[in-house]
Amino acid sequence: MAEPEIFSPARPGEPAPRPDILRPAIDDLAPDVVVERGLIVRLAETTWLRRVAVVVVLGVIWEVYARQLANPLMFPSLTETLEAFVAGLRSGALVSAVSGSLRILLVGYGVAVVLSTLITALAIGTRIGTDVLSTLTSMFNPLPAIAILPLAMLWFGLGVGSVVFVIVHSVLWAVSLNTLTGFQSVSATQRMVGRNYGLKGFAFVRAILIPAAFPAILSGLKIGWAFSWRTLIAAELVFGVSGGAAGLGWYIFQNRNALETPNVFAGLLTVIVIGLLVEGVVFRAIESATIRRWGMQA
Amino acid sequence: MFMSREPSHSVVAKPLLEVDRVTLQYVTPERIVTATRRVSFDLQAQDRFVLLGPSGCGKSTLLKSIGGFIAPTEGEIRLAGERVREPGADRMFVFQEFDQLLPWLSVVDNVVFPMRATKRFPRAEWRDRARAAVEKVGLGRFADVFPHTLSGGMKQRVAIARALAMEPKVLLMDEPFAALDALTRRRMQRELLELWDDIRFSLVFVTHSIQEAIVLASRIVVMTPHPGRIVAEFDATRFGHDQAGGSEFEAFSERINRLLFAGEEIAHG
Ligand SMILES: Nc1ncnc2c1ncn2[C@@H]1O[C@H](COP(=O)(O)OP(=O)(O)OP(=O)(O)O)[C@@H](O)[C@H]1O
Ligand SMILES: [Mg+2]
């Protein structure tokens, strides 16, 4: 009772003093605690497995609902759709539709990405260039590609040219907007680091801005990819045959006219599957090789 | 023993860096902010020159101007007799911020980066020089990892390695240890001095810690704010970590303290 009396507390109302504790580090050699995690927990932590589970659940709901409805003309079931899908692959009709669409898509997307790189790299160098590009993106980004399809057909005729043109339009502004925003939000420190080593102009853009803005650029590329798909399918629905090879949009349109609803669903399913593959395989691979590896995204 | 870390040059040598009546201003749409007003000092080769002053007295601005990022509105800055006009790798910068390392490059590649950008040294030597520099700051085991896996102190050491590997005429450091905890900060100060013993680089170092200034500096410039001006320039070659806490050290520290806060006492009556 008497001992704590030795310290008189520095301020009134202090909690009662307690003795000091010294802990010699003797249990350092004890093995680390290992937490055993069950199989279920480990499986539940696998991202792709969770995603697959979501898809399976959606598929089951679809199947059950469609069977209850029992009206394949309006709403075919998952199994009917899959059958139509396999039949389409076998006959080659679906395959040639996909390859026709993809070819145009890749051309349009590629042209747009190259153009976008060039104009943003040019624009970022000067204030007026940035102003011009910002204004252009805010003007054209909201303009639906389909709205300029009639014009495109007037200029480029009823061919691949028109479709490529509208795809480029839909991708270009989305990608440029993201890239420009990404460039502008590169930290002042990293800019100064680049300038400290005498980097200027394109060398500066290539060595500092592009990698530093890569998360924004990549999300622009993803958005652009989704836009290009939508635009392509919509253009084909409106416009039919896209030069020689008919595409997926045309496949869907024709089968609807023929009331082959399972085939329509199979066409839509194909669009979704390709979208998921590109997102889940291509973009994920790019992400884990770049921004995840660099710690720029969790 | 007493005169530890005395620069080996003679005092009359031609200065390496001359800051000559430099006024620096920020022009914003609302007003003009004068960050420094006609400041002058000369830095000799192998000096460890410390700019000391309270927040807002224009230390960073002055350092950026030496770095070539901000042009003086008045006066000029000369490096080895040549007027400084733009940034260049003869003045390597170490910033206060941890994000100065480029996250997309591994530690070694960060150190190689300025060599590649400036084509300094033969290409074949880049990696070896970079590895040696990383080794020198004690991070040899971390040479191949990406910066986001390093602690704050380790990142600053990589930044120092990157700057030193270029063998710049002057090393410019803006409060590089300010965001570190007290223990790491002390260790980094020691390491910096050991590196100086090794390589004898020339240094301009910004801080607002009197203790840090006295320990690190061969020469201290004391600045006061509104507008930033130099009120004194001291020799500090006789102090290192070993003298810290000694009576002479404390007296010197107290003297600087009074200089720094003299203006304020007058202002507040
Ligand atoms: N970008 C800017 N635009 C306008 N004024 C600025 C800008 N940067 C700094 N200033 C002003 O210039 C003065 C000096 O700033 P500076 O950053 O050089 O101070 P400092 O001495 O480095 O301070 P600290 O120790 O807090 O880093 C301050 O009054 C500040 O308000
Ligand atoms: Mg500062």
# chains A, B, ... in the order shown; residues from 1 in each chain; ligands from 1

$ residues_near_ligand --ligand "ligand 2" --cutoff "9 Å" --atoms "only C-alpha atoms and all ligand atoms" --output "compact mmCIF listing (two decimals) with N, CA, C and O atoms, in the first residue's frame"
# COMPACT_ATOMS: atom_id res chain seq x y z
N SER B 55 8.82 26.00 -41.32
CA SER B 55 7.94 25.69 -42.44
C SER B 55 7.55 26.97 -43.17
O SER B 55 7.22 27.97 -42.55
N GLY B 56 7.61 26.91 -44.50
CA GLY B 56 7.15 28.03 -45.30
C GLY B 56 8.20 29.09 -45.58
O GLY B 56 7.88 30.13 -46.17
N CYS B 57 9.47 28.85 -45.20
CA CYS B 57 10.47 29.89 -45.43
C CYS B 57 11.12 29.74 -46.81
O CYS B 57 12.04 30.48 -47.14
N GLY B 58 10.64 28.81 -47.60
CA GLY B 58 11.11 28.74 -48.99
C GLY B 58 12.27 27.79 -49.21
O GLY B 58 12.92 27.87 -50.26
N LYS B 59 12.52 26.88 -48.29
CA LYS B 59 13.63 25.94 -48.47
C LYS B 59 13.42 25.04 -49.68
O LYS B 59 14.30 24.91 -50.53
N SER B 60 12.23 24.44 -49.74
CA SER B 60 11.95 23.54 -50.87
C SER B 60 12.00 24.30 -52.19
O SER B 60 12.53 23.80 -53.18
N THR B 61 11.43 25.50 -52.18
CA THR B 61 11.42 26.29 -53.40
C THR B 61 12.84 26.58 -53.85
O THR B 61 13.17 26.45 -55.04
N LEU B 63 15.52 24.88 -53.17
CA LEU B 63 16.16 23.65 -53.62
C LEU B 63 15.68 23.27 -55.03
O LEU B 63 16.47 22.86 -55.88
N GLN B 96 11.26 14.34 -50.59
CA GLN B 96 10.73 13.93 -49.29
C GLN B 96 9.73 12.78 -49.44
O GLN B 96 9.59 11.95 -48.57
N ASP B 174 15.67 17.03 -50.13
CA ASP B 174 14.62 17.84 -49.50
C ASP B 174 13.97 17.04 -48.38
O ASP B 174 13.11 16.19 -48.63
N GLU B 175 14.35 17.31 -47.15
CA GLU B 175 13.82 16.61 -45.98
C GLU B 175 13.63 15.12 -46.23
O GLU B 175 12.53 14.59 -46.04
N VAL B 206 17.96 19.92 -47.03
CA VAL B 206 16.95 20.79 -46.41
C VAL B 206 16.35 20.09 -45.19
O VAL B 206 16.06 18.90 -45.24
N THR B 207 16.21 20.84 -44.11
CA THR B 207 15.56 20.26 -42.93
C THR B 207 14.96 21.38 -42.09
O THR B 207 15.32 22.55 -42.25
N HIS B 208 14.01 21.04 -41.21
CA HIS B 208 13.62 22.03 -40.23
C HIS B 208 13.94 21.56 -38.82
O HIS B 208 13.45 22.11 -37.84

$ residues_around --residues "segment 275-280 of chain A" --least-positions-apart "4" --cutoff "12 Å" --atoms "only C-alpha atoms" --output "ChimeraX atom specification"
/A:47-48,51-52,55,102,218-219,221-230,268-271,284-288

$ interface_residues --of "chain A" --to "chain B" --cutoff "8 Å" --atoms "only C-alpha atoms" --output "VMD selection string"
chain A and resid 189 to 190 192 to 193 195 to 199 211 to 212 290 to 291 293 to 296

$ write_last_selection --atoms "all heavy atoms" --output "short mmCIF file (atom, residue, chain, number, x, y, z; two decimals), in the first residue's frame"
data_model
loop_
_atom_site.label_atom_id
_atom_site.label_comp_id
_atom_site.auth_asym_id
_atom_site.auth_seq_id
_atom_site.Cartn_x
_atom_site.Cartn_y
_atom_site.Cartn_z
N THR A 189 5.79 14.61 -57.88
CA THR A 189 7.12 14.07 -57.57
C THR A 189 7.65 13.22 -58.71
O THR A 189 8.80 13.38 -59.13
CB THR A 189 7.06 13.20 -56.30
OG1 THR A 189 6.29 13.88 -55.33
CG2 THR A 189 8.42 12.93 -55.77
N GLN A 190 6.80 12.32 -59.23
CA GLN A 190 7.28 11.45 -60.30
C GLN A 190 7.58 12.23 -61.57
O GLN A 190 8.51 11.90 -62.31
CB GLN A 190 6.28 10.33 -60.55
CG GLN A 190 6.35 9.30 -59.42
CD GLN A 190 5.37 8.16 -59.56
OE1 GLN A 190 4.67 8.04 -60.57
NE2 GLN A 190 5.31 7.34 -58.54
N MET A 192 8.78 15.28 -61.54
CA MET A 192 10.07 15.93 -61.30
C MET A 192 11.21 14.92 -61.38
O MET A 192 12.30 15.25 -61.85
CB MET A 192 10.06 16.63 -59.94
CG MET A 192 9.31 17.94 -59.97
SD MET A 192 9.70 19.00 -58.59
CE MET A 192 8.60 18.38 -57.37
N VAL A 193 10.95 13.68 -60.94
CA VAL A 193 11.96 12.64 -61.06
C VAL A 193 12.36 12.50 -62.53
O VAL A 193 13.53 12.51 -62.87
CB VAL A 193 11.45 11.30 -60.48
CG1 VAL A 193 12.34 10.15 -60.91
CG2 VAL A 193 11.37 11.37 -58.97
N ARG A 195 11.98 14.66 -65.02
CA ARG A 195 12.63 15.86 -65.55
C ARG A 195 14.03 16.00 -65.00
O ARG A 195 14.94 16.51 -65.66
CB ARG A 195 11.80 17.09 -65.23
CG ARG A 195 10.53 17.15 -66.07
CD ARG A 195 9.66 18.31 -65.67
NE ARG A 195 10.38 19.58 -65.79
CZ ARG A 195 10.08 20.67 -65.07
NH1 ARG A 195 9.11 20.62 -64.20
NH2 ARG A 195 10.75 21.77 -65.23
N ASN A 196 14.23 15.54 -63.75
CA ASN A 196 15.56 15.58 -63.14
C ASN A 196 16.59 14.87 -64.02
O ASN A 196 17.74 15.26 -64.08
CB ASN A 196 15.48 14.94 -61.75
CG ASN A 196 16.72 15.16 -60.91
OD1 ASN A 196 16.88 14.58 -59.85
ND2 ASN A 196 17.64 16.01 -61.36
N TYR A 197 16.16 13.83 -64.71
CA TYR A 197 17.09 13.09 -65.56
C TYR A 197 17.07 13.60 -67.00
O TYR A 197 17.52 12.93 -67.92
CB TYR A 197 16.76 11.58 -65.55
CG TYR A 197 16.54 11.03 -64.17
CD1 TYR A 197 15.70 9.95 -63.94
CD2 TYR A 197 17.19 11.60 -63.07
CE1 TYR A 197 15.50 9.46 -62.66
CE2 TYR A 197 16.98 11.13 -61.79
CZ TYR A 197 16.15 10.07 -61.59
OH TYR A 197 15.93 9.59 -60.33
N GLY A 198 16.48 14.79 -67.18
CA GLY A 198 16.51 15.42 -68.50
C GLY A 198 15.52 14.84 -69.49
O GLY A 198 15.64 15.09 -70.68
N LEU A 199 14.53 14.06 -69.02
CA LEU A 199 13.56 13.50 -69.96
C LEU A 199 12.58 14.58 -70.39
O LEU A 199 12.09 15.37 -69.58
CB LEU A 199 12.79 12.35 -69.30
CG LEU A 199 13.60 11.09 -69.03
CD1 LEU A 199 12.79 10.10 -68.23
CD2 LEU A 199 14.05 10.47 -70.34
N PRO A 211 3.75 4.51 -67.97
CA PRO A 211 3.72 3.54 -66.87
C PRO A 211 3.04 4.08 -65.61
O PRO A 211 2.29 3.35 -64.95
CB PRO A 211 5.18 3.20 -66.61
CG PRO A 211 5.99 4.14 -67.40
CD PRO A 211 5.13 4.75 -68.44
N ALA A 212 3.26 5.35 -65.29
CA ALA A 212 2.66 5.89 -64.06
C ALA A 212 1.14 5.95 -64.18
O ALA A 212 0.43 5.82 -63.19
CB ALA A 212 3.23 7.27 -63.74
N THR A 290 1.41 -6.46 -64.70
CA THR A 290 1.80 -5.06 -64.57
C THR A 290 1.35 -4.48 -63.23
O THR A 290 2.07 -4.60 -62.25
CB THR A 290 1.21 -4.22 -65.72
OG1 THR A 290 -0.20 -4.38 -65.74
CG2 THR A 290 1.78 -4.65 -67.06
N ILE A 291 0.17 -3.87 -63.22
CA ILE A 291 -0.15 -3.02 -62.06
C ILE A 291 -0.26 -3.79 -60.74
O ILE A 291 0.06 -3.26 -59.70
CB ILE A 291 -1.41 -2.17 -62.32
CG1 ILE A 291 -2.58 -3.02 -62.74
CG2 ILE A 291 -1.12 -1.14 -63.37
CD1 ILE A 291 -3.82 -2.20 -63.07
N ARG A 293 1.56 -6.47 -60.01
CA ARG A 293 2.95 -6.79 -59.69
C ARG A 293 3.65 -5.55 -59.12
O ARG A 293 4.50 -5.64 -58.24
CB ARG A 293 3.61 -7.23 -60.99
CG ARG A 293 4.98 -7.80 -60.84
CD ARG A 293 5.25 -8.76 -61.99
NE ARG A 293 6.66 -9.10 -62.02
CZ ARG A 293 7.49 -8.62 -62.92
NH1 ARG A 293 7.05 -7.82 -63.88
NH2 ARG A 293 8.76 -8.95 -62.89
N TRP A 294 3.29 -4.38 -59.63
CA TRP A 294 3.94 -3.15 -59.20
C TRP A 294 3.31 -2.57 -57.93
O TRP A 294 3.72 -1.51 -57.47
CB TRP A 294 3.85 -2.08 -60.29
CG TRP A 294 4.37 -2.50 -61.62
CD1 TRP A 294 5.32 -3.46 -61.86
CD2 TRP A 294 4.00 -1.99 -62.89
NE1 TRP A 294 5.53 -3.57 -63.20
CE2 TRP A 294 4.74 -2.68 -63.86
CE3 TRP A 294 3.11 -0.99 -63.31
CZ2 TRP A 294 4.62 -2.41 -65.23
CZ3 TRP A 294 2.99 -0.73 -64.66
CH2 TRP A 294 3.74 -1.43 -65.60
N GLY A 295 2.26 -3.23 -57.43
CA GLY A 295 1.61 -2.70 -56.25
C GLY A 295 0.81 -1.44 -56.51
O GLY A 295 0.54 -0.67 -55.60
N MET A 296 0.44 -1.20 -57.78
CA MET A 296 -0.34 -0.01 -58.07
C MET A 296 -1.83 -0.31 -57.99
O MET A 296 -2.66 0.57 -58.13
CB MET A 296 0.01 0.54 -59.47
CG MET A 296 1.42 1.09 -59.53
SD MET A 296 2.01 1.35 -61.20
CE MET A 296 1.47 3.02 -61.52
#

$ atom_distance --atom1 "atom CA of Leu51 of chain B" --atom2 "atom CA of Val222 of chain B"
6.3 Å

$ select_by_dssp --residues "segment 12-190 of chain A" --states "alpha helix (DSSP H)" --output "VMD selection string"
chain A and resid 39 to 44 47 to 69 78 to 91 93 to 124 127 to 140 149 to 156 160 to 184 188 to 190

$ residues_around --residues "Arg162 of chain B" --least-positions-apart "2" --cutoff "8 Å" --atoms "only C-alpha atoms" --output "PDB file with all heavy atoms, in the first residue's frame"
ATOM      1  N   ASN B 110      15.293   0.871 -60.815  1.00  0.00           N
ATOM      2  CA  ASN B 110      15.134   2.262 -60.423  1.00  0.00           C
ATOM      3  C   ASN B 110      16.476   2.980 -60.410  1.00  0.00           C
ATOM      4  O   ASN B 110      16.574   4.139 -60.793  1.00  0.00           O
ATOM      5  CB  ASN B 110      14.499   2.354 -59.033  1.00  0.00           C
ATOM      6  CG  ASN B 110      13.033   2.700 -59.096  1.00  0.00           C
ATOM      7  OD1 ASN B 110      12.674   3.842 -59.365  1.00  0.00           O
ATOM      8  ND2 ASN B 110      12.188   1.714 -58.882  1.00  0.00           N
ATOM      9  N   VAL B 111      17.513   2.280 -59.972  1.00  0.00           N
ATOM     10  CA  VAL B 111      18.830   2.893 -59.903  1.00  0.00           C
ATOM     11  C   VAL B 111      19.442   3.007 -61.301  1.00  0.00           C
ATOM     12  O   VAL B 111      20.146   3.965 -61.625  1.00  0.00           O
ATOM     13  CB  VAL B 111      19.742   2.105 -58.940  1.00  0.00           C
ATOM     14  CG1 VAL B 111      21.103   2.752 -58.839  1.00  0.00           C
ATOM     15  CG2 VAL B 111      19.100   2.025 -57.568  1.00  0.00           C
ATOM     16  N   VAL B 112      19.110   2.027 -62.160  1.00  0.00           N
ATOM     17  CA  VAL B 112      19.611   2.069 -63.542  1.00  0.00           C
ATOM     18  C   VAL B 112      18.910   3.170 -64.342  1.00  0.00           C
ATOM     19  O   VAL B 112      19.516   3.794 -65.219  1.00  0.00           O
ATOM     20  CB  VAL B 112      19.409   0.697 -64.242  1.00  0.00           C
ATOM     21  CG1 VAL B 112      19.656   0.797 -65.734  1.00  0.00           C
ATOM     22  CG2 VAL B 112      20.311  -0.355 -63.616  1.00  0.00           C
ATOM     23  N   PRO B 114      18.028   6.416 -64.227  1.00  0.00           N
ATOM     24  CA  PRO B 114      18.656   7.674 -64.646  1.00  0.00           C
ATOM     25  C   PRO B 114      19.881   7.480 -65.547  1.00  0.00           C
ATOM     26  O   PRO B 114      20.144   8.317 -66.414  1.00  0.00           O
ATOM     27  CB  PRO B 114      19.050   8.347 -63.327  1.00  0.00           C
ATOM     28  CG  PRO B 114      18.940   7.311 -62.286  1.00  0.00           C
ATOM     29  CD  PRO B 114      17.992   6.283 -62.767  1.00  0.00           C
ATOM     30  N   ALA B 130      24.687  -0.061 -60.445  1.00  0.00           N
ATOM     31  CA  ALA B 130      23.438   0.006 -59.686  1.00  0.00           C
ATOM     32  C   ALA B 130      23.486  -0.949 -58.504  1.00  0.00           C
ATOM     33  O   ALA B 130      23.139  -0.587 -57.376  1.00  0.00           O
ATOM     34  CB  ALA B 130      22.256  -0.315 -60.592  1.00  0.00           C
ATOM     35  N   ALA B 133      25.647   0.342 -55.787  1.00  0.00           N
ATOM     36  CA  ALA B 133      25.016   1.443 -55.045  1.00  0.00           C
ATOM     37  C   ALA B 133      23.979   0.920 -54.065  1.00  0.00           C
ATOM     38  O   ALA B 133      23.897   1.366 -52.924  1.00  0.00           O
ATOM     39  CB  ALA B 133      24.382   2.432 -56.022  1.00  0.00           C
ATOM     40  N   VAL B 134      23.182  -0.053 -54.525  1.00  0.00           N
ATOM     41  CA  VAL B 134      22.148  -0.631 -53.659  1.00  0.00           C
ATOM     42  C   VAL B 134      22.811  -1.350 -52.485  1.00  0.00           C
ATOM     43  O   VAL B 134      22.365  -1.273 -51.331  1.00  0.00           O
ATOM     44  CB  VAL B 134      21.254  -1.592 -54.469  1.00  0.00           C
ATOM     45  CG1 VAL B 134      20.319  -2.350 -53.552  1.00  0.00           C
ATOM     46  CG2 VAL B 134      20.468  -0.821 -55.512  1.00  0.00           C
ATOM     47  N   VAL B 158      16.907   3.674 -51.137  1.00  0.00           N
ATOM     48  CA  VAL B 158      17.029   3.393 -52.574  1.00  0.00           C
ATOM     49  C   VAL B 158      17.145   4.703 -53.342  1.00  0.00           C
ATOM     50  O   VAL B 158      17.957   4.829 -54.266  1.00  0.00           O
ATOM     51  CB  VAL B 158      15.825   2.581 -53.087  1.00  0.00           C
ATOM     52  CG1 VAL B 158      15.931   2.378 -54.588  1.00  0.00           C
ATOM     53  CG2 VAL B 158      15.739   1.242 -52.386  1.00  0.00           C
ATOM     54  N   ALA B 159      16.340   5.691 -52.949  1.00  0.00           N
ATOM     55  CA  ALA B 159      16.395   6.982 -53.642  1.00  0.00           C
ATOM     56  C   ALA B 159      17.788   7.597 -53.505  1.00  0.00           C
ATOM     57  O   ALA B 159      18.318   8.197 -54.448  1.00  0.00           O
ATOM     58  CB  ALA B 159      15.336   7.923 -53.086  1.00  0.00           C
ATOM     59  N   ILE B 160      18.387   7.445 -52.321  1.00  0.00           N
ATOM     60  CA  ILE B 160      19.735   7.973 -52.123  1.00  0.00           C
ATOM     61  C   ILE B 160      20.735   7.205 -52.988  1.00  0.00           C
ATOM     62  O   ILE B 160      21.600   7.800 -53.644  1.00  0.00           O
ATOM     63  CB  ILE B 160      20.122   7.897 -50.630  1.00  0.00           C
ATOM     64  CG1 ILE B 160      19.228   8.839 -49.819  1.00  0.00           C
ATOM     65  CG2 ILE B 160      21.584   8.247 -50.431  1.00  0.00           C
ATOM     66  CD1 ILE B 160      19.364   8.687 -48.317  1.00  0.00           C
ATOM     67  N   LEU B 164      23.148   8.783 -55.767  1.00  0.00           N
ATOM     68  CA  LEU B 164      24.608   8.697 -55.636  1.00  0.00           C
ATOM     69  C   LEU B 164      25.247   7.927 -56.785  1.00  0.00           C
ATOM     70  O   LEU B 164      26.355   8.244 -57.215  1.00  0.00           O
ATOM     71  CB  LEU B 164      24.975   8.038 -54.307  1.00  0.00           C
ATOM     72  CG  LEU B 164      24.843   8.939 -53.093  1.00  0.00           C
ATOM     73  CD1 LEU B 164      25.147   8.158 -51.828  1.00  0.00           C
ATOM     74  CD2 LEU B 164      25.780  10.135 -53.211  1.00  0.00           C
ATOM     75  N   ALA B 165      24.526   6.914 -57.293  1.00  0.00           N
ATOM     76  CA  ALA B 165      25.094   6.084 -58.356  1.00  0.00           C
ATOM     77  C   ALA B 165      25.397   6.899 -59.600  1.00  0.00           C
ATOM     78  O   ALA B 165      26.234   6.520 -60.422  1.00  0.00           O
ATOM     79  CB  ALA B 165      24.135   4.949 -58.704  1.00  0.00           C
ATOM     80  N   MET B 166      24.726   8.035 -59.750  1.00  0.00           N
ATOM     81  CA  MET B 166      24.954   8.878 -60.928  1.00  0.00           C
ATOM     82  C   MET B 166      26.210   9.733 -60.769  1.00  0.00           C
ATOM     83  O   MET B 166      26.592  10.455 -61.688  1.00  0.00           O
ATOM     84  CB  MET B 166      23.748   9.787 -61.154  1.00  0.00           C
ATOM     85  CG  MET B 166      22.538   9.074 -61.684  1.00  0.00           C
ATOM     86  SD  MET B 166      22.755   8.582 -63.384  1.00  0.00           S
ATOM     87  CE  MET B 166      22.556  10.162 -64.201  1.00  0.00           C
TER      88      MET B 166
END

$ residues_around --residues "Gln44 of chain B" --least-positions-apart "5" --cutoff "7 Å" --atoms "only C-alpha atoms" --output "PyMOL selection string"
chain B and resi 15-17
